[in-house]
$ cat my_file_25.tsv   # TSV, C-alpha atoms and all ligand atoms
chain	number	residue	atom	x	y	z
A	26	MET	CA	-4.20	3.32	27.29
A	27	LYS	CA	-4.67	0.49	24.82
A	28	VAL	CA	-4.54	0.59	21.04
A	29	LEU	CA	-5.92	-2.41	19.17
A	30	VAL	CA	-4.48	-3.09	15.71
A	31	THR	CA	-6.62	-5.55	13.73
A	32	ASP	CA	-4.89	-5.49	10.33
A	33	PRO	CA	-1.11	-5.73	9.91
A	34	ILE	CA	0.69	-2.37	9.78
A	35	ALA	CA	4.41	-1.55	9.54
A	36	ASP	CA	6.50	-1.81	12.72
A	37	ALA	CA	7.28	1.92	12.53
A	38	GLY	CA	3.63	2.64	13.36
A	39	LEU	CA	3.58	0.21	16.29
A	40	ALA	CA	6.76	1.88	17.59
A	41	VAL	CA	5.05	5.30	17.61
A	42	LEU	CA	2.29	3.86	19.82
A	43	ARG	CA	4.72	2.10	22.19
A	44	ASP	CA	6.89	5.22	22.44
A	45	ALA	CA	3.78	7.08	23.58
A	46	GLY	CA	3.55	4.58	26.43
A	47	TYR	CA	0.47	2.73	25.19
A	48	GLU	CA	-0.29	-0.97	25.39
A	49	VAL	CA	-0.45	-2.23	21.79
A	50	GLU	CA	-2.52	-5.33	21.05
A	51	THR	CA	-2.18	-6.78	17.55
A	52	ALA	CA	-4.89	-9.30	16.71
A	53	TYR	CA	-5.58	-10.08	13.06
A	54	GLU	CA	-8.55	-11.72	11.32
A	55	LEU	CA	-10.77	-11.26	14.36
A	56	GLU	CA	-14.45	-11.88	13.75
A	57	GLY	CA	-17.74	-11.67	15.65
A	58	GLU	CA	-17.51	-11.88	19.44
A	59	ALA	CA	-13.70	-12.03	19.42
A	60	LEU	CA	-13.51	-8.60	17.75
A	61	LEU	CA	-16.16	-7.13	20.10
A	62	GLU	CA	-14.27	-8.46	23.12
A	63	ALA	CA	-10.90	-7.15	21.92
A	64	VAL	CA	-12.23	-3.68	21.13
A	65	SER	CA	-14.26	-3.29	24.33
A	66	ASP	CA	-11.45	-1.65	26.34
A	67	ALA	CA	-9.48	-0.11	23.43
A	68	ASN	CA	-8.89	3.64	23.37
A	69	GLY	CA	-7.71	3.52	19.77
A	70	LEU	CA	-8.32	1.10	16.89
A	71	ILE	CA	-6.13	0.84	13.78
A	72	VAL	CA	-7.34	-0.99	10.67
A	73	ARG	CA	-6.55	-1.34	6.98
A	74	SER	CA	-9.18	-2.74	4.59
A	75	GLY	CA	-9.50	-6.15	6.27
A	76	THR	CA	-11.61	-5.16	9.29
A	77	GLU	CA	-15.26	-4.15	8.96
A	78	VAL	CA	-15.82	-1.47	11.59
A	79	THR	CA	-19.59	-1.76	11.90
A	80	GLU	CA	-22.10	-0.06	14.19
A	81	THR	CA	-21.98	-3.14	16.45
A	82	VAL	CA	-18.20	-2.91	16.75
A	83	LEU	CA	-18.37	0.81	17.53
A	84	GLU	CA	-21.10	0.29	20.15
A	85	ALA	CA	-18.99	-2.39	21.85
A	86	ALA	CA	-15.96	-0.07	21.92
A	87	GLU	CA	-16.97	1.97	24.95
A	88	GLU	CA	-13.57	3.61	25.52
A	89	LEU	CA	-12.79	4.31	21.87
A	90	ALA	CA	-11.58	7.80	20.86
A	91	ILE	CA	-10.48	7.09	17.28
A	92	VAL	CA	-10.48	4.62	14.41
A	93	GLY	CA	-7.29	5.15	12.40
A	94	ARG	CA	-7.36	3.84	8.82
A	95	ALA	CA	-3.80	3.05	7.73
A	96	GLY	CA	-4.57	3.90	4.11
A	97	ILE	CA	-7.06	5.83	2.01
A	98	GLY	CA	-10.44	4.09	1.65
A	99	VAL	CA	-12.79	4.34	4.63
A	100	ASP	CA	-15.61	2.30	3.04
A	101	ASN	CA	-15.04	-0.46	5.62
A	102	ILE	CA	-15.88	1.93	8.48
A	103	ASP	CA	-19.42	2.98	9.39
A	104	ILE	CA	-18.75	6.73	9.54
A	105	ASP	CA	-22.30	7.66	10.61
A	106	ALA	CA	-22.19	5.21	13.52
A	107	ALA	CA	-18.75	6.52	14.52
A	108	THR	CA	-20.12	10.07	14.52
A	109	ASP	CA	-23.08	8.94	16.69
A	110	GLU	CA	-20.66	7.30	19.13
A	111	GLY	CA	-18.38	10.37	19.18
A	112	VAL	CA	-15.51	8.39	17.67
A	113	ILE	CA	-13.09	10.17	15.30
A	114	VAL	CA	-12.29	8.45	11.99
A	115	ALA	CA	-8.98	9.49	10.40
A	116	ASN	CA	-7.26	8.11	7.31
A	117	ALA	CA	-3.81	8.52	5.78
A	118	PRO	CA	-4.68	9.98	2.38
A	119	GLU	CA	-1.24	10.55	0.88
A	120	GLY	CA	1.23	7.92	2.07
A	121	ASN	CA	0.33	5.22	-0.45
A	122	VAL	CA	-0.69	7.30	-3.49
A	123	ARG	CA	2.58	6.71	-5.35
A	124	ALA	CA	2.47	2.97	-4.61
A	125	ALA	CA	-1.12	2.69	-5.83
A	126	ALA	CA	-0.34	4.67	-8.98
A	127	GLU	CA	2.74	2.58	-9.77
A	128	HIS	CA	0.76	-0.62	-9.30
A	129	THR	CA	-1.93	0.68	-11.64
A	130	VAL	CA	0.67	1.46	-14.31
A	131	ALA	CA	2.21	-1.99	-13.84
A	132	MET	CA	-1.21	-3.64	-14.21
A	133	THR	CA	-1.91	-1.61	-17.34
A	134	PHE	CA	1.30	-2.78	-19.01
A	135	ALA	CA	0.83	-6.34	-17.75
A	136	ALA	CA	-2.66	-6.49	-19.27
A	137	ALA	CA	-1.56	-4.92	-22.57
A	138	ARG	CA	1.21	-7.51	-23.00
A	139	SER	CA	-0.41	-10.54	-21.26
A	140	ILE	CA	2.66	-10.79	-19.03
A	141	PRO	CA	1.11	-12.94	-16.25
A	142	GLN	CA	-0.41	-15.39	-18.70
A	143	ALA	CA	2.83	-15.81	-20.68
A	144	HIS	CA	4.83	-16.07	-17.45
A	145	VAL	CA	2.71	-18.95	-16.15
A	146	ARG	CA	2.96	-20.85	-19.43
A	147	LEU	CA	6.73	-20.48	-19.64
A	148	LYS	CA	7.11	-21.63	-16.03
A	149	ASP	CA	5.00	-24.62	-17.04
A	150	GLY	CA	7.54	-25.41	-19.77
A	151	GLU	CA	5.68	-23.92	-22.74
A	152	TRP	CA	7.25	-21.43	-25.21
A	153	ALA	CA	3.97	-19.72	-26.19
A	154	LYS	CA	5.55	-16.84	-28.14
A	155	SER	CA	3.12	-16.93	-31.05
A	156	ASP	CA	0.04	-16.79	-28.79
A	157	TYR	CA	0.68	-13.27	-27.54
A	158	LEU	CA	0.45	-10.17	-29.69
A	159	GLY	CA	0.23	-7.18	-27.37
A	160	THR	CA	-0.88	-3.58	-27.58
A	161	GLU	CA	1.40	-0.55	-27.19
A	162	LEU	CA	0.33	2.22	-24.82
A	163	ASP	CA	2.12	5.01	-26.70
A	164	ASP	CA	-0.41	7.01	-28.77
A	165	LYS	CA	-3.38	5.27	-27.12
A	166	THR	CA	-5.97	7.06	-25.00
A	167	LEU	CA	-6.25	6.56	-21.26
A	168	GLY	CA	-9.64	7.29	-19.65
A	169	VAL	CA	-9.34	8.10	-15.95
A	170	VAL	CA	-12.55	7.75	-13.94
A	171	GLY	CA	-11.92	9.67	-10.71
A	172	LEU	CA	-9.14	12.24	-11.11
A	173	GLY	CA	-8.16	12.52	-7.44
A	174	ARG	CA	-4.75	11.87	-5.91
A	175	VAL	CA	-4.13	8.40	-7.39
A	176	GLY	CA	-5.91	9.16	-10.68
A	177	GLN	CA	-3.78	12.27	-11.23
A	178	GLU	CA	-0.57	10.40	-10.47
A	179	VAL	CA	-1.51	7.63	-12.92
A	180	ALA	CA	-2.44	10.24	-15.54
A	181	LYS	CA	0.93	11.98	-15.14
A	182	LYS	CA	2.88	8.75	-15.39
A	183	LEU	CA	1.04	7.42	-18.44
A	184	ASP	CA	1.02	10.85	-20.12
A	185	SER	CA	4.81	10.67	-19.94
A	186	MET	CA	4.63	7.29	-21.72
A	187	GLY	CA	2.91	8.94	-24.70
A	188	MET	CA	-0.76	8.32	-23.86
A	189	ASP	CA	-3.49	10.92	-24.43
A	190	ILE	CA	-5.45	11.46	-21.23
A	191	VAL	CA	-9.21	12.02	-20.93
A	192	ALA	CA	-10.88	12.02	-17.54
A	193	TYR	CA	-14.30	11.93	-15.95
A	194	ASP	CA	-14.66	13.45	-12.49
A	195	PRO	CA	-17.68	15.62	-11.72
A	196	TYR	CA	-15.98	17.12	-8.67
A	197	ILE	CA	-12.76	18.56	-10.05
A	198	SER	CA	-12.19	21.75	-12.02
A	199	GLU	CA	-11.14	21.97	-15.66
A	200	ASP	CA	-8.17	24.03	-14.49
A	201	ARG	CA	-6.93	21.21	-12.32
A	202	ALA	CA	-7.32	18.70	-15.17
A	203	ASP	CA	-5.56	21.08	-17.59
A	204	ARG	CA	-2.59	21.38	-15.27
A	205	ILE	CA	-1.93	17.65	-15.51
A	206	GLY	CA	-2.64	17.51	-19.23
A	207	ALA	CA	-6.00	15.71	-19.00
A	208	GLU	CA	-9.11	16.61	-20.99
A	209	LEU	CA	-12.15	16.58	-18.73
A	210	VAL	CA	-15.06	14.87	-20.52
A	211	GLU	CA	-18.49	13.38	-19.79
A	212	PHE	CA	-18.66	9.83	-18.43
A	213	GLU	CA	-19.85	8.22	-21.67
A	214	ASP	CA	-17.25	10.13	-23.73
A	215	CYS	CA	-14.52	8.99	-21.38
A	216	LEU	CA	-15.45	5.34	-21.96
A	217	GLU	CA	-15.95	5.77	-25.69
A	218	LYS	CA	-12.73	7.65	-26.38
A	219	ALA	CA	-10.49	5.49	-24.22
A	220	ASP	CA	-8.47	2.43	-25.18
A	221	PHE	CA	-7.75	1.84	-21.50
A	222	VAL	CA	-10.04	2.95	-18.69
A	223	THR	CA	-8.61	3.12	-15.19
A	224	VAL	CA	-10.91	3.52	-12.19
A	225	HIS	CA	-9.87	5.71	-9.22
A	226	THR	CA	-13.05	6.65	-7.37
A	227	PRO	CA	-13.91	5.81	-3.78
A	228	LEU	CA	-16.66	3.23	-3.22
A	229	THR	CA	-19.78	5.23	-2.32
A	230	PRO	CA	-23.51	4.72	-2.94
A	231	GLU	CA	-22.98	6.91	-6.04
A	232	THR	CA	-20.09	4.89	-7.48
A	233	GLU	CA	-21.31	1.38	-6.59
A	234	GLY	CA	-21.97	-0.43	-9.88
A	235	LEU	CA	-20.93	2.71	-11.83
A	236	ILE	CA	-19.43	0.55	-14.58
A	237	SER	CA	-21.63	-2.28	-15.77
A	238	ASP	CA	-22.92	-3.79	-19.07
A	239	GLU	CA	-23.85	-0.59	-20.92
A	240	GLU	CA	-20.72	1.28	-19.87
A	241	LEU	CA	-18.45	-1.61	-20.85
A	242	GLU	CA	-20.09	-1.71	-24.30
A	243	LEU	CA	-18.81	1.85	-24.80
A	244	LEU	CA	-15.26	0.67	-24.14
A	245	GLU	CA	-15.50	-1.94	-26.91
A	246	GLY	CA	-12.06	-3.26	-27.91
A	247	GLY	CA	-10.42	-1.72	-24.84
A	248	TYR	CA	-9.11	-2.68	-21.43
A	249	LEU	CA	-10.53	-1.96	-17.97
A	250	ILE	CA	-8.18	-1.46	-15.03
A	251	ASN	CA	-9.48	-1.23	-11.45
A	252	CYS	CA	-7.03	-0.68	-8.61
A	253	ALA	CA	-9.49	1.44	-6.59
A	254	ARG	CA	-12.37	-0.47	-5.04
A	255	GLY	CA	-14.27	-3.62	-5.91
A	256	GLY	CA	-17.96	-2.84	-6.27
A	257	VAL	CA	-17.40	0.16	-8.55
A	258	VAL	CA	-17.22	-2.24	-11.52
A	259	ASP	CA	-19.87	-4.96	-11.86
A	260	GLU	CA	-17.82	-8.16	-11.82
A	261	ASP	CA	-20.34	-10.40	-13.64
A	262	ALA	CA	-20.69	-7.84	-16.44
A	263	LEU	CA	-16.93	-7.38	-16.75
A	264	ALA	CA	-16.21	-11.11	-16.84
A	265	ALA	CA	-18.87	-11.59	-19.54
A	266	LYS	CA	-17.59	-8.69	-21.67
A	267	VAL	CA	-14.00	-9.97	-21.60
A	268	GLU	CA	-15.09	-13.54	-22.25
A	269	ASP	CA	-17.27	-12.63	-25.25
A	270	GLY	CA	-14.48	-10.46	-26.72
A	271	THR	CA	-16.19	-7.08	-26.29
A	272	LEU	CA	-13.15	-6.09	-24.21
A	273	GLU	CA	-9.58	-7.15	-24.91
A	274	GLY	CA	-8.81	-7.61	-21.25
A	275	ALA	CA	-8.99	-6.34	-17.70
A	276	ALA	CA	-6.71	-5.95	-14.70
A	277	LEU	CA	-8.01	-5.89	-11.15
A	278	ASP	CA	-6.43	-5.38	-7.76
A	279	VAL	CA	-9.70	-5.06	-5.84
A	280	PHE	CA	-12.88	-7.09	-5.55
A	281	ALA	CA	-16.40	-6.76	-4.19
A	282	GLU	CA	-15.61	-9.61	-1.84
A	283	GLU	CA	-12.24	-9.59	-0.07
A	284	PRO	CA	-10.20	-11.44	0.92
A	285	LEU	CA	-10.37	-14.23	-1.66
A	286	PRO	CA	-13.26	-13.46	-4.03
A	287	GLU	CA	-13.70	-17.16	-4.71
A	288	ASP	CA	-17.15	-16.69	-6.25
A	289	SER	CA	-16.05	-13.93	-8.62
A	290	PRO	CA	-16.24	-15.05	-12.27
A	291	LEU	CA	-13.25	-12.79	-12.96
A	292	LEU	CA	-10.90	-15.38	-11.49
A	293	PHE	CA	-11.80	-17.78	-14.27
A	294	VAL	CA	-11.42	-15.58	-17.37
A	295	ASP	CA	-8.03	-15.91	-19.05
A	296	ASP	CA	-7.73	-12.31	-20.27
A	297	VAL	CA	-8.44	-10.93	-16.80
A	298	ILE	CA	-5.35	-10.47	-14.65
A	299	VAL	CA	-5.61	-10.10	-10.89
A	300	THR	CA	-3.60	-9.23	-7.79
A	301	PRO	CA	-4.77	-9.54	-4.15
A	302	HIS	CA	-5.20	-5.84	-3.23
A	303	LEU	CA	-1.48	-5.10	-3.52
A	304	GLY	CA	-1.75	-1.45	-4.60
A	305	ALA	CA	-0.40	-0.05	-1.34
A	306	SER	CA	1.92	-2.92	-0.58
A	307	THR	CA	5.34	-1.32	-0.78
A	308	GLU	CA	7.68	-0.86	2.16
A	309	ALA	CA	7.67	2.91	1.81
A	310	ALA	CA	3.89	3.21	1.56
A	311	GLN	CA	3.28	0.94	4.52
A	312	GLU	CA	5.78	2.82	6.64
A	313	ASN	CA	4.20	6.16	5.64
A	314	VAL	CA	0.61	5.19	6.39
A	315	ALA	CA	1.41	3.28	9.59
A	316	THR	CA	3.41	6.16	11.04
A	317	GLN	CA	0.87	8.80	10.10
A	318	THR	CA	-2.05	6.76	11.42
A	319	ALA	CA	-0.31	5.99	14.70
A	320	GLU	CA	0.46	9.70	15.15
A	321	GLN	CA	-3.21	10.52	14.57
A	322	VAL	CA	-4.27	7.91	17.13
A	323	VAL	CA	-1.86	9.34	19.71
A	324	ALA	CA	-3.19	12.86	18.99
A	325	ALA	CA	-6.80	11.76	19.48
A	326	ILE	CA	-6.09	9.92	22.72
A	327	GLU	CA	-4.16	12.93	24.02
A	328	ALA	CA	-7.12	15.17	22.98
A	329	GLU	CA	-4.95	17.07	20.48
A	330	PRO	CA	-6.01	18.10	16.94
A	331	VAL	CA	-6.16	15.12	14.53
A	332	ALA	CA	-5.12	15.48	10.88
A	333	ASN	CA	-7.40	14.01	8.16
A	334	ALA	CA	-10.28	13.37	10.56
B	401	LIG	P1	-9.26	10.78	-3.84
B	401	LIG	O1	-10.36	11.06	-2.87
B	401	LIG	O2	-8.05	11.64	-3.83
B	401	LIG	O3	-9.84	10.77	-5.31
B	401	LIG	C1	-11.06	10.19	-5.66
B	401	LIG	C2	-11.63	10.98	-6.83
B	401	LIG	O4	-12.83	10.35	-7.26
B	401	LIG	C3	-12.00	12.43	-6.44
B	401	LIG	O5	-11.37	13.34	-7.31
B	401	LIG	C4	-13.50	12.46	-6.60
B	401	LIG	O6	-13.98	13.71	-7.06
B	401	LIG	C5	-13.73	11.38	-7.63
B	401	LIG	N1	-15.10	10.87	-7.66
B	401	LIG	C6	-15.97	10.71	-6.64
B	401	LIG	N2	-17.15	10.26	-7.09
B	401	LIG	C7	-17.01	10.13	-8.44
B	401	LIG	C8	-17.88	9.70	-9.46
B	401	LIG	N3	-19.15	9.33	-9.22
B	401	LIG	N4	-17.41	9.68	-10.73
B	401	LIG	C9	-16.14	10.06	-11.01
B	401	LIG	N5	-15.28	10.51	-10.07
B	401	LIG	C10	-15.71	10.53	-8.80
B	401	LIG	O7	-8.88	9.26	-3.60
B	401	LIG	P2	-7.50	8.56	-4.03
B	401	LIG	O8	-6.52	8.72	-2.95
B	401	LIG	O9	-7.15	9.01	-5.39
B	401	LIG	O10	-7.94	7.03	-4.06
B	401	LIG	C11	-8.73	6.57	-5.12
B	401	LIG	C12	-9.25	5.16	-4.84
B	401	LIG	O11	-8.14	4.26	-4.79
B	401	LIG	C13	-9.99	5.00	-3.51
B	401	LIG	O12	-11.05	4.11	-3.71
B	401	LIG	C14	-8.95	4.34	-2.62
B	401	LIG	O13	-9.52	3.63	-1.57
B	401	LIG	C15	-8.27	3.43	-3.64
B	401	LIG	N6	-6.93	2.97	-3.27
B	401	LIG	C16	-6.65	1.66	-3.48
B	401	LIG	C17	-5.39	1.20	-3.20
B	401	LIG	C18	-5.05	-0.25	-3.41
B	401	LIG	O14	-4.31	-0.79	-2.61
B	401	LIG	N7	-5.52	-0.88	-4.46
B	401	LIG	C19	-4.41	2.06	-2.68
B	401	LIG	C20	-4.73	3.41	-2.52
B	401	LIG	C21	-6.01	3.87	-2.83
B	402	LIG	C1	-6.34	2.14	0.56
B	402	LIG	O1	-7.50	2.53	0.41
B	402	LIG	O2	-5.45	2.84	1.05
B	402	LIG	C2	-6.01	0.77	0.07
B	402	LIG	O3	-7.07	-0.08	0.22
B	402	LIG	C3	-4.71	0.26	0.57
B	402	LIG	C4	-4.72	-0.73	1.67
B	402	LIG	O4	-4.91	-0.38	2.82
B	402	LIG	O5	-4.47	-1.90	1.39

$ encode --input "my_file_25.tsv" --output "structure tokens"
Amino acid sequence: MKVLVTDPIADAGLAVLRDAGYEVETAYELEGEALLEAVSDANGLIVRSGTEVTETVLEAAEELAIVGRAGIGVDNIDIDAATDEGVIVANAPEGNVRAAAEHTVAMTFAAARSIPQAHVRLKDGEWAKSDYLGTELDDKTLGVVGLGRVGQEVAKKLDSMGMDIVAYDPYISEDRADRIGAELVEFEDCLEKADFVTVHTPLTPETEGLISDEELELLEGGYLINCARGGVVDEDALAAKVEDGTLEGAALDVFAEEPLPEDSPLLFVDDVIVTPHLGASTEAAQENVATQTAEQVVAAIEAEPVANA
């Protein structure tokens, strides 16, 4: 049995596959024919967000039982095509939630205090103390768009820092929101009431472009944080709204085009801070998701029940 791993995962996950007696092929940044060739005799495929698992890839993978996503988002996998080909898709929905939430909180503070900008200038030999007058989070309102696992964790953490929490999520109950101290509101109210809006939805046809010009106008004077998925926030609109001063700033971990969104205007706006999709990049999170995903792949190949399929 062969398992192909096309995005780097923690060694603990590879060890689970080897202990099961499988051949493990790691081959990163494969494209086109090279990916089709590598997957053609694989019984399992493990990816993170770097590999596009398209219909063509799934058709070429004649022996494939499962695509394991070592993380949460499955927007890089053609689920319908996988279903047609009888291939299971399973993700690891919990292992990196804390890491993603902590990164979101870090990005929120970093944006509010212009930490990356001041850091770069000091490293360049400039003492730019008088150029930075930040915003405190205590007593401000956080708007959470998408109150799922990561959104709830961010809400809890920033609630404990003194923020008031409003949230927009059409799929969760008021009870659930109440339990974490968030007021469930309509989308427009969420943007209008918030000083900081943090996005935690999946990327779906419904959420693509959810936040654009009009929505950003409602957040006037505030900050937009997106550590969920590029594509949910319109990048041209966001760059323009920060540049013209409608928004104070923005912090982004994810982009419509990855890796390296070199055409994104966001990279060139000073009050926009960015990281290269680092939300889940902690040792603990990577070990969690790699191990869980490898266990799911073994289960599928051994025709046993698969969690999170
Ligand atoms: P989740 O499924 O637990 O939560 C998503 C929430 O979004 C759900 O409560 C759902 O009801 C809500 N939602 C769906 N459509 C919506 C809409 N139109 N408007 C408002 N809310 C809507 O997912 P999660 O584990 O919390 O992950 C959230 C996002 O973060 C995903 O996109 C995931 O891929 C991403 N993520 C990114 C990183 C990173 O490295 N930056 C790490 C982990 C997760
Ligand atoms: C996820 O959806 O889990 C994130 O994209 C994390 C990742 O795999 O980098």

$ residues_around --input "my_file_25.tsv" --residues "Ala219 in chain A" --least-positions-apart "4" --cutoff "8 Å" --atoms "all atoms listed in the file" --output "count of residues only"
8

$ residues_near_ligand --input "my_file_25.tsv" --ligand "ligand LIG 401 (chain B)" --cutoff "6 Å" --atoms "all atoms listed in the file" --output "PyMOL selection string"
chain A and resi 97-98+118+121-122+125+170-176+193-197+225-228+231-232+252-254+278+302-305

$ atom_distance --input "my_file_25.tsv" --atom1 "CA of Val322 in chain A" --atom2 "CA of Val279 in chain A"
26.9 Å

$ residues_around --input "my_file_25.tsv" --residues "range 126-140 of chain A" --least-positions-apart "5" --cutoff "8 Å" --atoms "all atoms listed in the file" --output "list in words"
Tyr157, Leu158, Gly159, Thr160, Glu161, Leu162, Val175, Gly176, Glu178, Val179, Lys182, Leu183, Phe221, Thr223, Tyr248, Ile250, Asn251, Cys252, Gly274, Ala275, Ala276, Leu277, Asp296, Val297, Ile298, Leu303 and Gly304 of chain A

$ closest_residue --input "my_file_25.tsv" --among "A:Ala45, A:Leu235, A:Ile71, A:Val99" --to "ligand LIG 402 (chain B)" --atoms "only C-alpha atoms and all ligand atoms"
A:Val99

$ atom_distance --input "my_file_25.tsv" --atom1 "CA of Glu283 in chain A" --atom2 "CA of Lys27 in chain A"
27.9 Å

$ atom_distance --input "my_file_25.tsv" --atom1 "CA of Val294 in chain A" --atom2 "CA of Gly256 in chain A"
18.1 Å

$ residues_around --input "my_file_25.tsv" --residues "Val323 in chain A" --least-positions-apart "6" --cutoff "9 Å" --atoms "all atoms listed in the file" --output "PDB file with C-alpha atoms, in the frame of the given file"
ATOM      1  CA  VAL A  41       5.050   5.300  17.610  1.00  0.00           C
ATOM      2  CA  LEU A  42       2.290   3.860  19.820  1.00  0.00           C
ATOM      3  CA  ALA A  45       3.780   7.080  23.580  1.00  0.00           C
ATOM      4  CA  TYR A  47       0.470   2.730  25.190  1.00  0.00           C
ATOM      5  CA  GLY A  69      -7.710   3.520  19.770  1.00  0.00           C
ATOM      6  CA  GLU A 329      -4.950  17.070  20.480  1.00  0.00           C
ATOM      7  CA  VAL A 331      -6.160  15.120  14.530  1.00  0.00           C
TER       8      VAL A 331
END

$ closest_residue --input "my_file_25.tsv" --among "A:Ser74, A:Thr307, A:Ser289, A:Ser155" --to "ligand LIG 402 (chain B)" --atoms "all atoms listed in the file"
A:Ser74

$ closest_residue --input "my_file_25.tsv" --among "A:Ala325, A:Ala124, A:Leu216, A:Ala52" --to "ligand LIG 402 (chain B)" --atoms "only C-alpha atoms and all ligand atoms"
A:Ala124

$ closest_residue --input "my_file_25.tsv" --among "A:Pro141, A:Gly234, A:Gly206, A:Gly93" --to "ligand LIG 402 (chain B)" --atoms "only C-alpha atoms and all ligand atoms"
A:Gly93

$ closest_residue --input "my_file_25.tsv" --among "A:Leu55, A:Val28, A:Ala153, A:Ile34" --to "ligand LIG 402 (chain B)" --atoms "only C-alpha atoms and all ligand atoms"
A:Ile34

$ closest_residue --input "my_file_25.tsv" --among "A:Trp152, A:Asp44, A:Glu84, A:Asn101" --to "ligand LIG 402 (chain B)" --atoms "only C-alpha atoms and all ligand atoms"
A:Asn101

$ residues_near_point --input "my_file_25.tsv" --point "(-13.4, 4.7, 18.4)" --cutoff "7 Å" --atoms "all atoms listed in the file" --output "list in words"
Asn68, Gly69, Leu70, Leu83, Ala86, Leu89, Ala90, Ile91, Val92, Ala107, Val112 and Ile113 of chain A

$ residues_around --input "my_file_25.tsv" --residues "Gly38 in chain A" --least-positions-apart "4" --cutoff "6 Å" --atoms "all atoms listed in the file" --output "list in words"
Ala315, Thr316 and Ala319 of chain A
